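Reading through the C-alpha cells given below for one structure.
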Amino acid sequence: MTDLVRTRTDLDDADLEWLHALVSDWLLLADLSFADLILWVPLSSGSSPIDAEAAPQGGPGASGDVAPVEGWVAIAQMRPTTGPTAYPGDLVGSVARTGRRGMIDVAWRERRIVREGDPEWGSGIPVREESIPIRRGQKMLGVIQRSTNLSSVRTPSRLELTYLDIASVLAQMICLGRFPFPGGEPNLVRSPRVGDGLLRLDHAGRVIYASPNAQSAFRRLGLATDLADTHLGEITARLCDTGEPVDESLISILSGRAPREAEVESNGSVVQMRTIPLIDDASRVGAVVLLRDVTELRWRDRELMTKDATIREIHHRVKNNLQTVAALLRLQSRRLRIPEARAALDEAVRRVGSIAIVHETLSHTPDELIDFDDIVDRVIMMVGEVSTAETRIVPKRTGSFGVLPAAIATPIAMVLTELLQNALQHGLPDRFGVLEVAAARGGERLVVVVSDDGVGLPPDFDVESSTSLGLQIVRTLVVGELHGRLDFRARAGGGTEVVVDVPVDVHTPGTPADGRLRKAPGQAR
C-alpha cells in the first residue's frame with residue numbers, strides 16, 4: 001500500500017498515515033456491511049491510467065483525457081468475515097481510467113455517498129455497489145467501493161439490521177472525515193471483532209441492542225438480567241464492584257463518549273471492550289461497543305508471567321549457588337601449599353564465576369536473550385584481577401557481541417575466560433603487553449578474536465593434541481557444543497591470535513528444529 005501510494009499517487013505522508021489508520025480498522029466496516037471494500041485513490045498526474053479491466057496487465061492502454069482525476073488505482077482490499085465475498089480475486093494494484101467506474105467519479109466529485117439502485121450482474125453474481133468518499137479535514141483522499149454479494153439474500157434479522165444501521169453511520173463518518181478518529185491509537189490485532197460481541201448504545205449510554213455473544217459475555221461476568229435498556233457504564237461498574245470507590249472513568253468510557261479500550265473483570269471472567277462513538281454531522285448519536293471474553297487469554301498471560309518470574313528466580317538461585325561454590329574453592333585454595341593444586345582451584349573459581357555472571361544477567365531479563373557486551377566486560381575484569389598491582393596489562397574489548405541467546409552466551413563466556421587466562425599465563429608470562437578481545441557480527445555468525453603480543457605459539461603447537469584442560473574445554477565448547485570453528489595462529493607483529501567463529505541465529509546447528517535452544521553446560525535445566 002505504501003509503495004503504491006508513493007509511486008502512483010500525489011498523496012503526502014499525512015494522507016498516507018490517515019489511510020493506514022483507516023485500513024487498519026476497516027474490517028469493522030466490512031463486517032458490519034456484509035460487504036467487500038476496495039480503496040481507490042486518484043492516480044498522479046504523471047501516471048498513465050491503464051484500464052486493467054480492459055487491457056492485460058503490463059500491456060498498452062489508452063491514456064485518459066486531461067481532467068481533475070485521470071484515473072484510479074486500488075491500493076487496499078478487505079473481505080467480510082460475516083458474509084460471502086463479491087470479489088474472490090485480488091484487485092490491489094488494478095488501475096481504471098476515469099469513467100470506467102462512474103459511481104466512484106460521482107462520489108469523488110460531489111463528496112457524498114453514492115448508492116446503486118439495481119444490483120450489478122456483470123460477474124454472474126448480483127452485487128450492490130456503493131461508493132464512500134474518504135476525507136481528511138477538507139482534503140479528499142480517495143473513495144471506498146463497498147460491494148455486497150446478494151446471492152444469499154433473505155429476510156434480515158434484527159442483528160443484521162443493527163449491523164447495517166451502524167455501518168451506515170460509520171460510512172457517513174468516513175465521508176465527513178470523522179473516522180478514523182484523529183490522534184487515536186491504531187487498532188490492535190487482538191481488539192474485539194464484530195462477531196465476538198456487539199452492543200449498540202444511544203447517546204446517553206443505554207443499551208439499545210445486545211448481540212447474543214455480548215449477552216453471553218455479560219452472563220459470565222455475573223449479570224442475571226438482559227442488557228437491553230440498561231446503562232452500560234453503571235451496570236458494568238456494579239458487576240465489577242469490589243468495595244473500592246467506583247471507577248468514574250470506566251463509566252465514562254462505556255458511555256460511548258470517546259474511542260477507548262478497557263477490560264473488566266468479575267466473577268472469574270475477563271471481558272475486553274472497545275467503544276466507538278457514532279457521530280452524525282456534529283453531534284454524537286450513540287456508540288457501538290465491541291467486546292469478547294478474553295478470560296482464557298488473560299489466564300495464559302498470567303501463567304506466562306508466573307513462569308517467567310520463576311525462571312528468573314531459578315537463574316538468581318543458580319547464580320548464588322555458583323558464587324557459594326566459587327567462594328568455597330577460593331577458601332580451599334588459600335589453605336593449599338602446593339602451587340599446582342592452588343592454580344587449578346583458582347582456574348576453577350574463574351570458570352564457575354564466568355557461568356555465574358551469565359546467570360546473574362539472566363535473572364534480570366524477561367527472556368533468554370542477553371546483551372553480551374556487558375558480560376564480556378565483566379569477564380575481562382574478573383580475569384584481569386589475577387594480575388598483581390604491578391601489572392601493565394589492561395585487557396580491552398573492541399566491537400560488539402550484540403544480543404545472544406542464553407544457550408550461546410554461557411559457553412562463549414567460558415571460552416573467553418579460558419582464552420584470556422591462557423594468554424595471561426602462557427602468552428604474556430611477564431604480565432606485560434597487549435591483550436584484546438575483538439568481536440564482529442556478520443549475518444548469522446559471530447567472530448571473536450582474542451589476541452596478545454606475547455611470546456607466540458610453540459613450533460609444535462596442536463590444539464587437538466594439547467593436554468591443557470583449558471584448551472580442551474575451549475575446543476569442546478566451540479566445535480562440539482556450538483558447531484563453530486576454532487583457529488590458533490600467529491599475530492602480525494608477534495604474539496598469538498585465537499579466532500572463534502560460531503553461528504548465532506536460533507536455527508543454527510546445535511539447536512533443535514523447532515527453534516528452542518539446547519541448554520549449554522552450566523545453564524539451569
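To be explicit about the labels: the chains of the C-alpha cells are called A, B, and onward in the order shown, and within each one the residues are counted from 1, while ligands get numbers from 1 in the order they are shown.
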Please return as a VMD selection string: the residues of region 98-218 of chain A that backbone DSSP assigns to helix (DSSP H, G or I).
chain A and resid 102 to 110 158 to 175 194 to 196 212 to 218
Just checking: using only C-alpha atoms, which residue out of A:Asp374, A:Asp202, A:Glu368, A:Glu296 ends up closest to Pro405 (chain A)?
A:Glu368
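Residue nearest Val194 (chain A), chosen from A:Asp377, A:Asp501, A:Asp31, A:Glu120 and counting only C-alpha atoms: A:Asp31.
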Compare A:Ile276, A:Ala356, A:Ala343, A:Leu176 by their minimum atom-to-atom distance to Leu322 (chain A), counting only C-alpha atoms, and give me the closest one.
A:Ala356
